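Student: Sharing a structure here in structure tokens format.
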Amino acid sequence: MSVVSEARAALGSRKTKRRDLGATARRETKLGLLFVAPWIIGFLVFYLIPMVASLVFSFTEFDLSNPDTLTFVGLDNYIRLFNDPQVRKALGVTLKFMAIALPIGVVWPLLMALMLNMKRLWLKQLLRTLYYLPFIVPVVSVAYIWRGFLNNETGWLNRVLEEVFGLAQAPDWLASTTWIYPALVLVGLWGVGDAMIRLLAGLQNAPPALYEAARVDGAGPWRTFWNITLPMISPMLFYNLLLLTIGLFQYFLLAWILGGPNSNPSEATLFYNVYLYKQAFVYSKMGYGAALAWVLFFMALVVTVVLFGTQKYWVYYAVEEG
């Protein structure tokens, strides 16, 4: 009888522990949900519900200024989109600017990070702070600052080019179809501090033993950079490339402020997102604007999937064995 009693007591003890663990797990789950509830509510209210609503609107004729005119039109907005010459023009402007800005936007932060990682650089900590500070300045403020700086008559950049470097005719940055893209790239490069910081962190986390082995083997600076530094920071390069690509697909605010509602000069700043915004909020064609937005989403999604597919060929992820 004593053996049976002990077995029952042990079984009861295990059940009690199981109940206690279950109660603790439920309590922790509820507490965790309570903490993430603001994010979940924000995601539902500001992301998921608007996305679903825009998908529904893309199949309708919806005048934002007159909500009573909502009518279902099926795929008419998408058919109109593919036959709209302004869409092709806006997409061409976007892709042209991406071809210019994407390689520069990847290489420039890398050069800055390499420079700021130099051991003998004077005032290194101050320079890192100064290079990062423009990133935290609001984009609207940046646009108006640069609009004054790039002004053809009173801008400081042209005054420096003419008076210091003796340039006879300084570029008309914001009114020339030739110079508007270099101007936009210049403004964009001013705020790459976040990409630079990520690359700098990658450079500082590279294993010193690899560089010591390279020196012992007699590897020069270029071979060391190509065979050690570049693979070590390739995940950060890939991350920067991904963010920059998506950001260029969404390029809007600088083009809208510097180019104005008419996309000056000569519609050279008629980016896809600018055209989308004008259709949805200037002309109040919310259904057509929603269709434009979903086509943009799928284009960015396809490019993102392609980029993820290529990373296995050039991105190195260190994996510890054991």
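Chain labels follow the order of the structure tokens: the first chain is A, the next B, and so on; residue numbering restarts at 1 in every chain, and ligands are counted from 1 in their shown order.
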Give me the residues within 12 Å of Leu70 in chain A as a PyMOL selection string, counting only C-alpha atoms and dropping any in the same chain fewer than 5 places off.

Tutor: chain A and resi 56-65+285-287

Student: With only C-alpha atoms as the counted atoms, please give the residues lying no more than 9 Å from Asn158 in chain A, apart from itself and same-chain residues fewer than 5 positions off, as a PyMOL selection string.

Tutor: chain A and resi 149-153+163+167+169-172

Student: By how many Å are CA of Val93 in chain A and CA of Leu307 in chain A apart?

Tutor: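 Spanning CA of Val93 in chain A to CA of Leu307 in chain A is a straight-line distance of 21.5 Å.
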
Student: Pull the strand (DSSP E or B) assignments for range 23-268 of chain A out of DSSP run on the backbone, and list those residues as a list in words.

Tutor: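 Matching residues for strand (DSSP E or B) in range 23-268 of chain A are Thr60, Glu61, Phe62, Asp63, Asn66, Pro67, Asp68, Thr69, Leu70, Thr71 and Phe72 of chain A.
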
Student: Kindly indicate which residue among A:Pro38, A:Gly148, A:Gly191, A:Pro235 lies nearest to Trp314 in chain A, using only C-alpha atoms for the distances.

Tutor: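 Among the listed residues, A:Pro235 lies closest to Trp314 in chain A.
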
Student: Dump as a Markdown table the rows for residues of range 251-322 of chain A within 10 Å of range 76-87 of chain A: closest atom pair and distance in Å with one decimal, only C-alpha atoms counted, ordered by chain and rising residue number.

Tutor:
```
| residue | atom | partner | partner_atom | distance |
| --- | --- | --- | --- | --- |
| A:Leu270 | CA | A:Gln86 | CA | 8.9 |
| A:Phe271 | CA | A:Val87 | CA | 9.2 |
| A:Tyr272 | CA | A:Val87 | CA | 7.1 |
| A:Tyr275 | CA | A:Val87 | CA | 7.5 |
| A:Leu276 | CA | A:Val87 | CA | 8.9 |
| A:Gly287 | CA | A:Asn77 | CA | 7.2 |
| A:Tyr288 | CA | A:Asn77 | CA | 5.4 |
| A:Gly289 | CA | A:Asn77 | CA | 8.8 |
| A:Ala290 | CA | A:Asn77 | CA | 8.9 |
| A:Ala291 | CA | A:Tyr78 | CA | 6.2 |
| A:Leu292 | CA | A:Leu81 | CA | 7.1 |
| A:Trp294 | CA | A:Tyr78 | CA | 9.6 |
| A:Val295 | CA | A:Tyr78 | CA | 8.5 |
```

Student: Next, the residues of the selection above should be written as a CSV table (one decimal), in the first residue's frame with N, CA and C atoms.

Tutor:
```csv
chain,number,residue,atom,x,y,z
A,270,LEU,N,8.7,63.7,-63.0
A,270,LEU,CA,7.4,63.0,-62.9
A,270,LEU,C,7.7,61.5,-62.6
A,271,PHE,N,8.1,61.3,-61.4
A,271,PHE,CA,8.3,59.9,-60.9
A,271,PHE,C,7.0,59.2,-60.8
A,272,TYR,N,7.1,57.8,-60.7
A,272,TYR,CA,5.9,57.0,-60.7
A,272,TYR,C,5.0,57.4,-59.5
A,275,TYR,N,3.2,60.7,-60.0
A,275,TYR,CA,2.0,60.5,-60.9
A,275,TYR,C,0.9,59.8,-60.1
A,276,LEU,N,1.3,58.9,-59.3
A,276,LEU,CA,0.3,58.2,-58.4
A,276,LEU,C,-0.4,59.2,-57.5
A,287,GLY,N,-9.6,55.4,-57.1
A,287,GLY,CA,-9.6,54.0,-57.7
A,287,GLY,C,-8.4,53.8,-58.6
A,288,TYR,N,-8.2,54.8,-59.5
A,288,TYR,CA,-7.1,54.7,-60.4
A,288,TYR,C,-5.7,54.8,-59.7
A,289,GLY,N,-5.7,55.6,-58.7
A,289,GLY,CA,-4.5,55.8,-57.8
A,289,GLY,C,-4.2,54.5,-57.1
A,290,ALA,N,-5.2,53.8,-56.6
A,290,ALA,CA,-5.0,52.6,-55.9
A,290,ALA,C,-4.5,51.5,-56.8
A,291,ALA,N,-5.0,51.5,-58.0
A,291,ALA,CA,-4.4,50.5,-59.0
A,291,ALA,C,-3.0,50.8,-59.3
A,292,LEU,N,-2.6,52.0,-59.5
A,292,LEU,CA,-1.2,52.4,-59.7
A,292,LEU,C,-0.4,51.9,-58.5
A,294,TRP,N,-0.9,49.4,-56.4
A,294,TRP,CA,-0.7,48.0,-56.4
A,294,TRP,C,0.2,47.5,-57.5
A,295,VAL,N,0.2,48.1,-58.6
A,295,VAL,CA,1.2,47.7,-59.6
A,295,VAL,C,2.6,48.1,-59.1
```

Student: Using the chain letters and numbers from this document, which residues of range 57-289 of chain A does DSSP assign to alpha helix (DSSP H), as a count of residues only?

Tutor: 140

Student: Pick the closest to Pro265 in chain A from A:Tyr132, A:Trp122, A:Phe297, A:Trp173: which is it, counting only C-alpha atoms?

Tutor: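 Among the listed residues, A:Trp173 lies closest to Pro265 in chain A.
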